[in-house]
>>> print(open('protein14.txt').read())   # compact mmCIF, N, CA and C atoms
# COMPACT_ATOMS: atom_id res chain seq x y z
N MET E 136 0.83 -1.20 0.00
CA MET E 136 0.00 0.00 0.00
C MET E 136 0.87 1.26 0.00
N LEU E 137 1.86 1.31 0.87
CA LEU E 137 2.70 2.50 0.96
C LEU E 137 3.48 2.72 -0.33
N ALA E 138 3.98 1.64 -0.92
CA ALA E 138 4.72 1.77 -2.18
C ALA E 138 3.81 2.32 -3.27
N ASP E 139 2.56 1.86 -3.32
CA ASP E 139 1.61 2.39 -4.29
C ASP E 139 1.36 3.87 -4.05
N SER E 140 1.25 4.26 -2.78
CA SER E 140 1.02 5.67 -2.44
C SER E 140 2.18 6.53 -2.93
N LYS E 141 3.40 6.06 -2.73
CA LYS E 141 4.56 6.82 -3.18
C LYS E 141 4.57 6.94 -4.70
N ARG E 142 4.21 5.86 -5.37
CA ARG E 142 4.13 5.89 -6.83
C ARG E 142 3.06 6.89 -7.30
N GLU E 143 1.94 6.92 -6.61
CA GLU E 143 0.86 7.85 -6.97
C GLU E 143 1.30 9.30 -6.75
N VAL E 144 2.04 9.55 -5.68
CA VAL E 144 2.53 10.90 -5.42
C VAL E 144 3.49 11.33 -6.51
N LEU E 145 4.42 10.47 -6.86
CA LEU E 145 5.36 10.79 -7.93
C LEU E 145 4.65 11.00 -9.26
N SER E 146 3.61 10.23 -9.50
CA SER E 146 2.82 10.39 -10.72
C SER E 146 2.13 11.75 -10.73
N LEU E 147 1.58 12.16 -9.60
CA LEU E 147 0.93 13.47 -9.51
C LEU E 147 1.93 14.60 -9.75
N VAL E 148 3.10 14.51 -9.15
CA VAL E 148 4.13 15.53 -9.37
C VAL E 148 4.52 15.56 -10.84
N HIS E 149 4.64 14.40 -11.45
CA HIS E 149 4.99 14.30 -12.87
C HIS E 149 3.93 14.96 -13.75
N ILE E 150 2.67 14.85 -13.36
CA ILE E 150 1.57 15.45 -14.11
C ILE E 150 1.56 16.97 -13.93
N VAL E 151 1.79 17.44 -12.72
CA VAL E 151 1.70 18.87 -12.40
C VAL E 151 2.90 19.66 -12.91
N LEU E 152 4.07 19.10 -12.83
CA LEU E 152 5.32 19.81 -13.13
C LEU E 152 5.35 20.52 -14.49
N PRO E 153 4.91 19.90 -15.58
CA PRO E 153 4.98 20.60 -16.88
C PRO E 153 4.12 21.87 -16.95
N PHE E 154 3.13 21.99 -16.07
CA PHE E 154 2.23 23.14 -16.11
C PHE E 154 2.67 24.27 -15.19
N ALA E 155 3.70 24.07 -14.41
CA ALA E 155 4.18 25.12 -13.50
C ALA E 155 4.56 26.35 -14.30
N GLY E 156 4.00 27.48 -13.91
CA GLY E 156 4.30 28.73 -14.60
C GLY E 156 3.40 29.04 -15.79
N ASN E 157 2.54 28.11 -16.18
CA ASN E 157 1.63 28.32 -17.31
C ASN E 157 0.43 29.14 -16.82
N GLU E 158 0.39 30.42 -17.16
CA GLU E 158 -0.66 31.31 -16.68
C GLU E 158 -2.02 31.03 -17.31
N GLN E 159 -2.06 30.27 -18.40
CA GLN E 159 -3.33 29.96 -19.05
C GLN E 159 -4.01 28.74 -18.43
N ARG E 160 -3.30 28.00 -17.63
CA ARG E 160 -3.86 26.77 -17.04
C ARG E 160 -4.45 27.06 -15.67
N VAL E 161 -5.67 26.60 -15.48
CA VAL E 161 -6.32 26.67 -14.18
C VAL E 161 -6.69 25.25 -13.79
N ALA E 162 -6.21 24.80 -12.66
CA ALA E 162 -6.51 23.44 -12.20
C ALA E 162 -6.61 23.44 -10.69
N PHE E 163 -7.44 22.55 -10.17
CA PHE E 163 -7.59 22.40 -8.74
C PHE E 163 -7.21 20.97 -8.38
N TYR E 164 -6.38 20.83 -7.38
CA TYR E 164 -5.98 19.52 -6.88
C TYR E 164 -6.35 19.47 -5.41
N PHE E 165 -7.16 18.50 -5.04
CA PHE E 165 -7.53 18.32 -3.64
C PHE E 165 -6.66 17.20 -3.09
N VAL E 166 -5.90 17.51 -2.06
CA VAL E 166 -4.93 16.56 -1.53
C VAL E 166 -5.22 16.32 -0.05
N ASN E 167 -5.32 15.07 0.33
CA ASN E 167 -5.44 14.72 1.74
C ASN E 167 -4.03 14.79 2.33
N THR E 168 -3.75 15.89 3.02
CA THR E 168 -2.39 16.14 3.49
C THR E 168 -1.93 15.13 4.54
N ASP E 169 -2.86 14.62 5.34
CA ASP E 169 -2.48 13.62 6.35
C ASP E 169 -1.93 12.36 5.68
N VAL E 170 -2.63 11.89 4.67
CA VAL E 170 -2.20 10.68 3.95
C VAL E 170 -0.89 10.95 3.21
N LEU E 171 -0.81 12.10 2.56
CA LEU E 171 0.38 12.44 1.79
C LEU E 171 1.62 12.53 2.69
N GLU E 172 1.49 13.17 3.83
CA GLU E 172 2.64 13.31 4.73
C GLU E 172 3.09 11.96 5.28
N ARG E 173 2.15 11.04 5.48
CA ARG E 173 2.54 9.70 5.95
C ARG E 173 3.24 8.91 4.85
N ALA E 174 2.75 9.04 3.62
CA ALA E 174 3.32 8.27 2.51
C ALA E 174 4.65 8.83 2.05
N THR E 175 4.70 10.12 1.82
CA THR E 175 5.90 10.78 1.29
C THR E 175 5.96 12.19 1.86
N PRO E 176 6.58 12.35 3.02
CA PRO E 176 6.57 13.65 3.71
C PRO E 176 7.07 14.83 2.87
N VAL E 177 8.07 14.63 2.05
CA VAL E 177 8.64 15.74 1.28
C VAL E 177 7.73 16.18 0.13
N ALA E 178 6.80 15.34 -0.27
CA ALA E 178 5.95 15.63 -1.43
C ALA E 178 5.03 16.83 -1.20
N LEU E 179 4.54 17.00 0.01
CA LEU E 179 3.64 18.13 0.28
C LEU E 179 4.36 19.45 0.04
N SER E 180 5.57 19.58 0.53
CA SER E 180 6.35 20.80 0.31
C SER E 180 6.60 21.03 -1.17
N LEU E 181 6.88 19.96 -1.89
CA LEU E 181 7.13 20.07 -3.33
C LEU E 181 5.88 20.54 -4.07
N LEU E 182 4.74 19.95 -3.77
CA LEU E 182 3.49 20.36 -4.42
C LEU E 182 3.13 21.80 -4.09
N GLU E 183 3.34 22.20 -2.83
CA GLU E 183 3.06 23.59 -2.44
C GLU E 183 3.98 24.56 -3.18
N GLU E 184 5.22 24.15 -3.39
CA GLU E 184 6.17 25.00 -4.11
C GLU E 184 5.75 25.16 -5.58
N LEU E 185 5.24 24.10 -6.18
CA LEU E 185 4.81 24.15 -7.58
C LEU E 185 3.53 24.95 -7.78
N ALA E 186 2.70 25.00 -6.77
CA ALA E 186 1.39 25.65 -6.89
C ALA E 186 1.52 27.17 -6.82
N SER E 187 0.67 27.85 -7.58
CA SER E 187 0.65 29.32 -7.49
C SER E 187 -0.18 29.77 -6.30
N THR E 188 -1.16 28.97 -5.92
CA THR E 188 -2.00 29.28 -4.76
C THR E 188 -2.30 27.99 -4.00
N VAL E 189 -2.21 28.07 -2.67
CA VAL E 189 -2.52 26.93 -1.81
C VAL E 189 -3.61 27.36 -0.84
N VAL E 190 -4.71 26.62 -0.84
CA VAL E 190 -5.83 26.90 0.06
C VAL E 190 -6.00 25.71 0.99
N GLU E 191 -6.00 25.99 2.27
CA GLU E 191 -6.22 24.94 3.27
C GLU E 191 -7.70 24.96 3.66
N VAL E 192 -8.32 23.79 3.66
CA VAL E 192 -9.74 23.68 4.00
C VAL E 192 -9.85 22.88 5.28
N GLY E 193 -10.60 23.41 6.22
CA GLY E 193 -10.81 22.72 7.49
C GLY E 193 -12.24 22.90 7.95
N ARG E 194 -12.56 22.22 9.03
CA ARG E 194 -13.91 22.30 9.57
C ARG E 194 -13.86 22.86 10.97
N GLU E 195 -14.78 23.76 11.26
CA GLU E 195 -14.96 24.30 12.60
C GLU E 195 -16.44 24.15 12.94
N GLY E 196 -16.75 23.09 13.67
CA GLY E 196 -18.16 22.81 13.95
C GLY E 196 -18.88 22.45 12.67
N LYS E 197 -19.92 23.22 12.37
CA LYS E 197 -20.70 22.97 11.15
C LYS E 197 -20.23 23.84 9.98
N LEU E 198 -19.18 24.62 10.20
CA LEU E 198 -18.68 25.52 9.16
C LEU E 198 -17.42 24.97 8.51
N TYR E 199 -17.24 25.29 7.25
CA TYR E 199 -16.01 24.96 6.53
C TYR E 199 -15.18 26.24 6.43
N LYS E 200 -13.94 26.15 6.85
CA LYS E 200 -13.05 27.31 6.84
C LYS E 200 -12.03 27.16 5.72
N PHE E 201 -11.89 28.19 4.92
CA PHE E 201 -10.94 28.23 3.81
C PHE E 201 -9.89 29.29 4.14
N SER E 202 -8.62 28.90 4.08
CA SER E 202 -7.52 29.83 4.37
C SER E 202 -6.52 29.78 3.23
N VAL E 203 -6.20 30.93 2.66
CA VAL E 203 -5.18 31.00 1.61
C VAL E 203 -3.83 31.09 2.31
N VAL E 204 -3.06 30.02 2.23
CA VAL E 204 -1.77 29.97 2.92
C VAL E 204 -0.62 30.41 2.02
N LYS E 205 -0.86 30.40 0.71
CA LYS E 205 0.17 30.85 -0.24
C LYS E 205 -0.53 31.30 -1.51
N SER E 206 -0.06 32.42 -2.06
CA SER E 206 -0.59 32.88 -3.34
C SER E 206 0.41 33.83 -3.98
N VAL E 207 0.52 33.75 -5.31
CA VAL E 207 1.35 34.71 -6.02
C VAL E 207 0.66 36.07 -6.08
N ASN E 208 -0.64 36.09 -5.84
CA ASN E 208 -1.41 37.32 -5.76
C ASN E 208 -1.42 37.77 -4.29
N ASN E 209 -0.68 38.81 -3.98
CA ASN E 209 -0.55 39.26 -2.59
C ASN E 209 -1.88 39.64 -1.96
N GLU E 210 -2.86 40.03 -2.76
CA GLU E 210 -4.18 40.38 -2.21
C GLU E 210 -4.90 39.15 -1.66
N LEU E 211 -4.57 37.97 -2.14
CA LEU E 211 -5.21 36.74 -1.67
C LEU E 211 -4.51 36.14 -0.45
N SER E 212 -3.23 36.36 -0.32
CA SER E 212 -2.46 35.76 0.78
C SER E 212 -3.06 36.16 2.12
N GLY E 213 -3.31 35.15 2.96
CA GLY E 213 -3.85 35.39 4.29
C GLY E 213 -5.37 35.49 4.33
N LEU E 214 -6.02 35.48 3.18
CA LEU E 214 -7.47 35.58 3.13
C LEU E 214 -8.10 34.35 3.78
N GLU E 215 -9.13 34.58 4.60
CA GLU E 215 -9.86 33.48 5.23
C GLU E 215 -11.35 33.75 5.10
N PHE E 216 -12.12 32.69 4.89
CA PHE E 216 -13.57 32.82 4.90
C PHE E 216 -14.18 31.49 5.27
N THR E 217 -15.44 31.54 5.72
CA THR E 217 -16.14 30.33 6.13
C THR E 217 -17.44 30.20 5.36
N LEU E 218 -17.85 28.95 5.18
CA LEU E 218 -19.12 28.64 4.52
C LEU E 218 -19.86 27.61 5.35
N PRO E 219 -21.19 27.69 5.34
CA PRO E 219 -21.98 26.70 6.10
C PRO E 219 -21.99 25.34 5.41
>>> encode(input="protein14.txt", output="structure tokens")
Amino acid sequence: MLADSKREVLSLVHIVLPFAGNEQRVAFYFVNTDVLERATPVALSLLEELASTVVEVGREGKLYKFSVVKSVNNELSGLEFTLP
């Protein structure tokens, strides 16, 4: 199982890498960070480095909290909002 997870992580990086810096491409990748860190700890840092924007999604009671932890657009960095 762990070997498959590592292979899947490397496959994802291989898919994402050619698009780094392409301003015409818009894509969303939802990553279970707990699973990723257990399978390949360094991969999360690599994916965050490749991404132009990183949004962390969490739950607070019945609300979903969205936090922009990284963005090339300085106006978005640090932005937080919640949805029911």
>>> closest_residue(input="protein14.txt", among="E:Leu171, E:Leu218, E:Leu152, E:Val203", to="Leu185 in chain E", atoms="all atoms listed in the file")
E:Leu152
>>> residues_around(input="protein14.txt", residues="range 206-210 of chain E", least_positions_apart="6", cutoff="5 Å", atoms="all atoms listed in the file", output="NGL selection string")
:E and (187-189)
>>> select_by_dssp(input="protein14.txt", residues="chain E", states="alpha helix (DSSP H)", output="tab-separated table (two decimals) with N, CA and C atoms, in the coordinates of the input")
chain	number	residue	atom	x	y	z
E	137	LEU	N	1.86	1.31	0.87
E	137	LEU	CA	2.70	2.50	0.96
E	137	LEU	C	3.48	2.72	-0.33
E	138	ALA	N	3.98	1.64	-0.92
E	138	ALA	CA	4.72	1.77	-2.18
E	138	ALA	C	3.81	2.32	-3.27
E	139	ASP	N	2.56	1.86	-3.32
E	139	ASP	CA	1.61	2.39	-4.29
E	139	ASP	C	1.36	3.87	-4.05
E	140	SER	N	1.25	4.26	-2.78
E	140	SER	CA	1.02	5.67	-2.44
E	140	SER	C	2.18	6.53	-2.93
E	141	LYS	N	3.40	6.06	-2.73
E	141	LYS	CA	4.56	6.82	-3.18
E	141	LYS	C	4.57	6.94	-4.70
E	142	ARG	N	4.21	5.86	-5.37
E	142	ARG	CA	4.13	5.89	-6.83
E	142	ARG	C	3.06	6.89	-7.30
E	143	GLU	N	1.94	6.92	-6.61
E	143	GLU	CA	0.86	7.85	-6.97
E	143	GLU	C	1.30	9.30	-6.75
E	144	VAL	N	2.04	9.55	-5.68
E	144	VAL	CA	2.53	10.90	-5.42
E	144	VAL	C	3.49	11.33	-6.51
E	145	LEU	N	4.42	10.47	-6.86
E	145	LEU	CA	5.36	10.79	-7.93
E	145	LEU	C	4.65	11.00	-9.26
E	146	SER	N	3.61	10.23	-9.50
E	146	SER	CA	2.82	10.39	-10.72
E	146	SER	C	2.13	11.75	-10.73
E	147	LEU	N	1.58	12.16	-9.60
E	147	LEU	CA	0.93	13.47	-9.51
E	147	LEU	C	1.93	14.60	-9.75
E	148	VAL	N	3.10	14.51	-9.15
E	148	VAL	CA	4.13	15.53	-9.37
E	148	VAL	C	4.52	15.56	-10.84
E	149	HIS	N	4.64	14.40	-11.45
E	149	HIS	CA	4.99	14.30	-12.87
E	149	HIS	C	3.93	14.96	-13.75
E	150	ILE	N	2.67	14.85	-13.36
E	150	ILE	CA	1.57	15.45	-14.11
E	150	ILE	C	1.56	16.97	-13.93
E	151	VAL	N	1.79	17.44	-12.72
E	151	VAL	CA	1.70	18.87	-12.40
E	151	VAL	C	2.90	19.66	-12.91
E	168	THR	N	-3.75	15.89	3.02
E	168	THR	CA	-2.39	16.14	3.49
E	168	THR	C	-1.93	15.13	4.54
E	169	ASP	N	-2.86	14.62	5.34
E	169	ASP	CA	-2.48	13.62	6.35
E	169	ASP	C	-1.93	12.36	5.68
E	170	VAL	N	-2.63	11.89	4.67
E	170	VAL	CA	-2.20	10.68	3.95
E	170	VAL	C	-0.89	10.95	3.21
E	171	LEU	N	-0.81	12.10	2.56
E	171	LEU	CA	0.38	12.44	1.79
E	171	LEU	C	1.62	12.53	2.69
E	172	GLU	N	1.49	13.17	3.83
E	172	GLU	CA	2.64	13.31	4.73
E	172	GLU	C	3.09	11.96	5.28
E	173	ARG	N	2.15	11.04	5.48
E	173	ARG	CA	2.54	9.70	5.95
E	173	ARG	C	3.24	8.91	4.85
E	174	ALA	N	2.75	9.04	3.62
E	174	ALA	CA	3.32	8.27	2.51
E	174	ALA	C	4.65	8.83	2.05
E	176	PRO	N	6.58	12.35	3.02
E	176	PRO	CA	6.57	13.65	3.71
E	176	PRO	C	7.07	14.83	2.87
E	177	VAL	N	8.07	14.63	2.05
E	177	VAL	CA	8.64	15.74	1.28
E	177	VAL	C	7.73	16.18	0.13
E	178	ALA	N	6.80	15.34	-0.27
E	178	ALA	CA	5.95	15.63	-1.43
E	178	ALA	C	5.03	16.83	-1.20
E	179	LEU	N	4.54	17.00	0.01
E	179	LEU	CA	3.64	18.13	0.28
E	179	LEU	C	4.36	19.45	0.04
E	180	SER	N	5.57	19.58	0.53
E	180	SER	CA	6.35	20.80	0.31
E	180	SER	C	6.60	21.03	-1.17
E	181	LEU	N	6.88	19.96	-1.89
E	181	LEU	CA	7.13	20.07	-3.33
E	181	LEU	C	5.88	20.54	-4.07
E	182	LEU	N	4.74	19.95	-3.77
E	182	LEU	CA	3.49	20.36	-4.42
E	182	LEU	C	3.13	21.80	-4.09
E	183	GLU	N	3.34	22.20	-2.83
E	183	GLU	CA	3.06	23.59	-2.44
E	183	GLU	C	3.98	24.56	-3.18
E	184	GLU	N	5.22	24.15	-3.39
E	184	GLU	CA	6.17	25.00	-4.11
E	184	GLU	C	5.75	25.16	-5.58
E	185	LEU	N	5.24	24.10	-6.18
E	185	LEU	CA	4.81	24.15	-7.58
E	185	LEU	C	3.53	24.95	-7.78
>>> atom_distance(input="protein14.txt", atom1="CA of Ser212 in chain E", atom2="atom C of Val190 in chain E")
10.7 Å
>>> atom_distance(input="protein14.txt", atom1="CA of Val177 in chain E", atom2="atom N of Glu191 in chain E")
17.9 Å
>>> residues_around(input="protein14.txt", residues="Phe201 in chain E", least_positions_apart="5", cutoff="8 Å", atoms="only C-alpha atoms", output="count of residues only")
7
>>> select_by_dssp(input="protein14.txt", residues="chain E", states="strand (DSSP E or B)", output="list in words")
Thr188, Val189, Val190, Glu191, Val192, Gly193, Arg194, Glu195, Leu198, Tyr199, Lys200, Phe201, Ser202, Val203, Val204, Lys205, Ser206, Glu215, Phe216, Thr217 and Leu218 of chain E
>>> atom_distance(input="protein14.txt", atom1="atom N of Tyr199 in chain E", atom2="atom C of Leu214 in chain E")
13.3 Å
>>> residues_near_point(input="protein14.txt", point="(-4.6, 17.9, -10.0)", cutoff="7 Å", atoms="all atoms listed in the file", output="list in words")
Val151, Ala162, Phe163, Tyr164 and Phe165 of chain E
>>> closest_residue(input="protein14.txt", among="E:Leu198, E:Val166, E:Leu211, E:Val161", to="Leu179 in chain E", atoms="only C-alpha atoms")
E:Val166
>>> closest_residue(input="protein14.txt", among="E:His149, E:Lys141, E:Gly213, E:Pro219", to="Thr175 in chain E", atoms="all atoms listed in the file")
E:Lys141
>>> closest_residue(input="protein14.txt", among="E:Ala174, E:Arg194, E:Asp169, E:Pro153", to="Ser140 in chain E", atoms="all atoms listed in the file")
E:Ala174
